[in-house]
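Visitor: Supplied in structure tokens, the structure appears directly below.
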Amino acid sequence: MCAPQARRRVLLSCPGGVTGTTLLRALRQGDRRALARAITLVESSRPDHRQEAERLIEAVLPETAKAVRIGVSGPPGAGKSTFIERFGLEGIALGRQIAVLAVDPASKRGGGAILGDKTRMAELARAPDAFIRPSSAGDSRGGVARRTREAILLCEAAGFDTVLVETVGVGQAETAVAEIVDMFVLILPPAGGDELQGIKRGIVELADLVLVNKADGELAAAAHRSVADYASAMGLIRPPYSEWQVPVRAISALEGTGIRGVWDDVERFQAALERIGAWSQRRAEQARSALWSEIGNTLLDHFRTAPDVARRLTAVEEEVMAGSLTPTAAARQLLASFFGEPCASPTPLSGLPRSTGLTKGGSKA
């Protein structure tokens with residue numbers, strides 16, 4: 001636990017009893033333990049840790065933005081972890097340094113997560129040129145954890161040239177990752193009919209690359225049919241860049257089929273966007289998105305801990321749950337308390353026509 005007097009240091013002490021100066025030096029040298037401790041620091045909600053984390057991020061910021069950031073999403077069972085392991089190993093064979101930030105869904109009851117990605121990616125976890133960090137999504141939505149952005153920067157400062165972000169994988173809400181990465185890869189299982197209909201436009205239109213996994217064994221034919229179906233569906237969506245038509249490919253993460261081609265797609269995508277200046281523009285958009293995300297999260301934190309709100313919150317929640325107060329009215333009251341304003345009651349309805357008891361067609365209801 002950090003000593004209070006350590007706050008006077010330029011870099012404070014951090015989890016694990018290591019001073020921030022030592023941590024920063026080890027991080028820049030690519031030390032895996034230092035990177036793990038640094039991520040633990042930025043994920044901490046303690047006020048003194050938050051101050052230290054901000055200083056740490058500011059110190060490493062000039063050394064970031066050099067890696068390729070790739071988001072990997074898809075429904076449960078699509079084979080995201082298997083793909084990431086095979087993709088990461090192939091990248092290492094090509095001379096890449098691979099960092100994986102895997103976000104696991106948090107329990108609605110206890111808030112914890114299993115964090116089993118190192119088990120699912122056992123071979124990649126043992127590779128000296130790889131780093132895998134599982135994190136709990138907590139109460140964050142959109143498939144990523146609240147501090148995933150900072151974790152990406154730390155991985156880059158530690159010398160990794162490729163950072164993979166695996167989302168929770170729960171469906172159509174997996175869109176926040178597209179705001180923090182350079183390339184968004186959507187992995188889908190072989191599907192057709194109703195299953196294809198279930199993959200809605202909201203997430204597909206964000207994809208820079210669509211991969212149909214499990215193109216092996218008995219599913220091989222279905223996977224290739226799905227590629228044709230998804231390619232037709234993608235044809236209905238206007239691509240954000242005319243220089244990049246989103247590819248749809250069949251792969252087998254289990255057998256490694258098509259994985260090298262995905263690395264080729266990453267290189268082609270980066271080259272295409274760099275030619276038109278869109279790569280740097282994406283990075284700028286990521287920074288702006290991070291700004292507004294932090295503003296929203298910080299405001300919500302201050303709102304919950306404000307004395308006037310905290311004093312009334314439980315009672316107001318009980319009224320809403322009991323049905324005696326609408327969520328809209330409750331929110332208005334709490335926000336008025338937060339801003340120190342009088343809470344005006346809504347004006348009673350008046351002058352509305354009385355019900356005649358007739359339906360739209362003129363007959364009695």
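Scheme for the structure tokens: letters A, B, ... for chains in order shown; per-chain residue numbers from 1; ligand numbers from 1 in order shown.
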Contacts of A:Leu209 at 12 Å or less, counting only C-alpha atoms, minus same-chain residues fewer than 6 places along, as number ranges by chain?
Guide: A: 70-74, 178, 182-188, 203, 227, 230-231, 234, 239, 244-250, 261-266, 268-269
Visitor: Please report, as a PyMOL selection string, each residue of stretch 13-84 of chain A to which DSSP assigns helix (DSSP H, G or I) when run on this structure's backbone.
Guide: chain A and resi 20-28+32-43+47-63+80-84
Visitor: Store the residues of this selection in a file with N, CA and C atoms, as a tab-separated table (two decimals), in the first residue's frame.
Guide:
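See result_35.tsv below for the written result:
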```tsv
chain	number	residue	atom	x	y	z
A	20	GLY	N	7.50	4.89	-8.79
A	20	GLY	CA	7.15	5.19	-10.17
A	20	GLY	C	8.35	5.39	-11.06
A	21	THR	N	9.44	5.97	-10.51
A	21	THR	CA	10.65	6.18	-11.30
A	21	THR	C	11.24	4.85	-11.75
A	22	THR	N	11.30	3.90	-10.81
A	22	THR	CA	11.81	2.57	-11.14
A	22	THR	C	10.90	1.87	-12.14
A	23	LEU	N	9.61	2.01	-11.93
A	23	LEU	CA	8.63	1.39	-12.82
A	23	LEU	C	8.76	1.93	-14.24
A	24	LEU	N	8.91	3.25	-14.35
A	24	LEU	CA	9.02	3.88	-15.66
A	24	LEU	C	10.27	3.40	-16.38
A	25	ARG	N	11.37	3.31	-15.67
A	25	ARG	CA	12.61	2.85	-16.29
A	25	ARG	C	12.48	1.42	-16.77
A	26	ALA	N	11.91	0.55	-15.93
A	26	ALA	CA	11.75	-0.86	-16.31
A	26	ALA	C	10.76	-1.01	-17.46
A	27	LEU	N	9.72	-0.17	-17.46
A	27	LEU	CA	8.72	-0.22	-18.54
A	27	LEU	C	9.37	0.11	-19.88
A	28	ARG	N	10.20	1.14	-19.90
A	28	ARG	CA	10.85	1.54	-21.13
A	28	ARG	C	11.83	0.49	-21.64
A	32	ARG	N	8.27	-7.15	-18.66
A	32	ARG	CA	6.88	-7.59	-18.66
A	32	ARG	C	6.22	-7.35	-17.30
A	33	ARG	N	6.96	-7.59	-16.22
A	33	ARG	CA	6.39	-7.37	-14.88
A	33	ARG	C	6.11	-5.90	-14.66
A	34	ALA	N	6.99	-5.05	-15.12
A	34	ALA	CA	6.76	-3.61	-14.98
A	34	ALA	C	5.53	-3.19	-15.77
A	35	LEU	N	5.34	-3.76	-16.96
A	35	LEU	CA	4.16	-3.44	-17.76
A	35	LEU	C	2.90	-3.89	-17.04
A	36	ALA	N	2.92	-5.10	-16.46
A	36	ALA	CA	1.75	-5.59	-15.73
A	36	ALA	C	1.44	-4.69	-14.54
A	37	ARG	N	2.47	-4.26	-13.82
A	37	ARG	CA	2.26	-3.36	-12.67
A	37	ARG	C	1.73	-2.00	-13.12
A	38	ALA	N	2.25	-1.51	-14.24
A	38	ALA	CA	1.79	-0.22	-14.74
A	38	ALA	C	0.32	-0.27	-15.13
A	39	ILE	N	-0.11	-1.36	-15.75
A	39	ILE	CA	-1.52	-1.50	-16.10
A	39	ILE	C	-2.38	-1.61	-14.84
A	40	THR	N	-1.89	-2.34	-13.84
A	40	THR	CA	-2.60	-2.42	-12.57
A	40	THR	C	-2.76	-1.03	-11.96
A	41	LEU	N	-1.71	-0.22	-12.09
A	41	LEU	CA	-1.76	1.15	-11.56
A	41	LEU	C	-2.83	1.97	-12.26
A	42	VAL	N	-2.87	1.93	-13.60
A	42	VAL	CA	-3.84	2.77	-14.31
A	42	VAL	C	-5.27	2.25	-14.13
A	43	GLU	N	-5.41	0.97	-13.79
A	43	GLU	CA	-6.75	0.43	-13.56
A	43	GLU	C	-7.25	0.70	-12.15
A	47	PRO	N	-7.53	7.42	-5.43
A	47	PRO	CA	-7.15	8.76	-5.88
A	47	PRO	C	-5.64	8.95	-6.04
A	48	ASP	N	-4.83	8.44	-5.08
A	48	ASP	CA	-3.39	8.62	-5.20
A	48	ASP	C	-2.83	7.81	-6.37
A	49	HIS	N	-3.40	6.64	-6.63
A	49	HIS	CA	-2.98	5.85	-7.78
A	49	HIS	C	-3.38	6.54	-9.08
A	50	ARG	N	-4.56	7.16	-9.10
A	50	ARG	CA	-4.98	7.85	-10.30
A	50	ARG	C	-4.04	9.00	-10.64
A	51	GLN	N	-3.60	9.75	-9.62
A	51	GLN	CA	-2.66	10.84	-9.86
A	51	GLN	C	-1.34	10.31	-10.42
A	52	GLU	N	-0.86	9.21	-9.83
A	52	GLU	CA	0.38	8.61	-10.30
A	52	GLU	C	0.22	8.06	-11.72
A	53	ALA	N	-0.93	7.46	-11.99
A	53	ALA	CA	-1.17	6.90	-13.33
A	53	ALA	C	-1.15	8.01	-14.38
A	54	GLU	N	-1.75	9.15	-14.06
A	54	GLU	CA	-1.75	10.26	-15.00
A	54	GLU	C	-0.33	10.73	-15.30
A	55	ARG	N	0.50	10.81	-14.25
A	55	ARG	CA	1.89	11.23	-14.45
A	55	ARG	C	2.66	10.20	-15.29
A	56	LEU	N	2.36	8.93	-15.04
A	56	LEU	CA	3.04	7.88	-15.80
A	56	LEU	C	2.67	7.95	-17.28
A	57	ILE	N	1.38	8.12	-17.56
A	57	ILE	CA	0.93	8.21	-18.95
A	57	ILE	C	1.53	9.44	-19.63
A	58	GLU	N	1.57	10.56	-18.92
A	58	GLU	CA	2.17	11.77	-19.50
A	58	GLU	C	3.65	11.56	-19.81
A	59	ALA	N	4.35	10.80	-18.95
A	59	ALA	CA	5.78	10.57	-19.15
A	59	ALA	C	6.05	9.71	-20.38
A	60	VAL	N	5.17	8.74	-20.64
A	60	VAL	CA	5.42	7.81	-21.76
A	60	VAL	C	4.76	8.26	-23.06
A	61	LEU	N	3.92	9.28	-23.00
A	61	LEU	CA	3.15	9.68	-24.18
A	61	LEU	C	4.01	9.94	-25.42
A	62	PRO	N	5.18	10.61	-25.29
A	62	PRO	CA	6.00	10.83	-26.49
A	62	PRO	C	6.51	9.54	-27.14
A	63	GLU	N	6.49	8.43	-26.38
A	63	GLU	CA	7.02	7.17	-26.89
A	63	GLU	C	5.93	6.26	-27.44
A	80	LYS	N	-12.54	-16.13	-31.22
A	80	LYS	CA	-11.68	-14.95	-31.14
A	80	LYS	C	-10.33	-15.28	-30.49
A	81	SER	N	-10.38	-15.96	-29.36
A	81	SER	CA	-9.14	-16.26	-28.64
A	81	SER	C	-8.23	-17.19	-29.44
A	82	THR	N	-8.83	-18.19	-30.09
A	82	THR	CA	-8.05	-19.10	-30.92
A	82	THR	C	-7.40	-18.34	-32.07
A	83	PHE	N	-8.16	-17.43	-32.68
A	83	PHE	CA	-7.61	-16.62	-33.76
A	83	PHE	C	-6.46	-15.75	-33.27
A	84	ILE	N	-6.67	-15.08	-32.14
A	84	ILE	CA	-5.64	-14.16	-31.63
A	84	ILE	C	-4.34	-14.92	-31.34
```
Visitor: Which distance in Å separates atom CA of A:Asn297 and atom CA of A:Pro75, to one decimal?
Guide: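 These two atoms are separated by 26.4 Å.
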Visitor: What is the atom CA of A:Ala157 to atom CA of A:Val100 distance in Å?
Guide: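 Taking atom CA of A:Ala157 as the start and atom CA of A:Val100 as the end point, the length is 14.3 Å.
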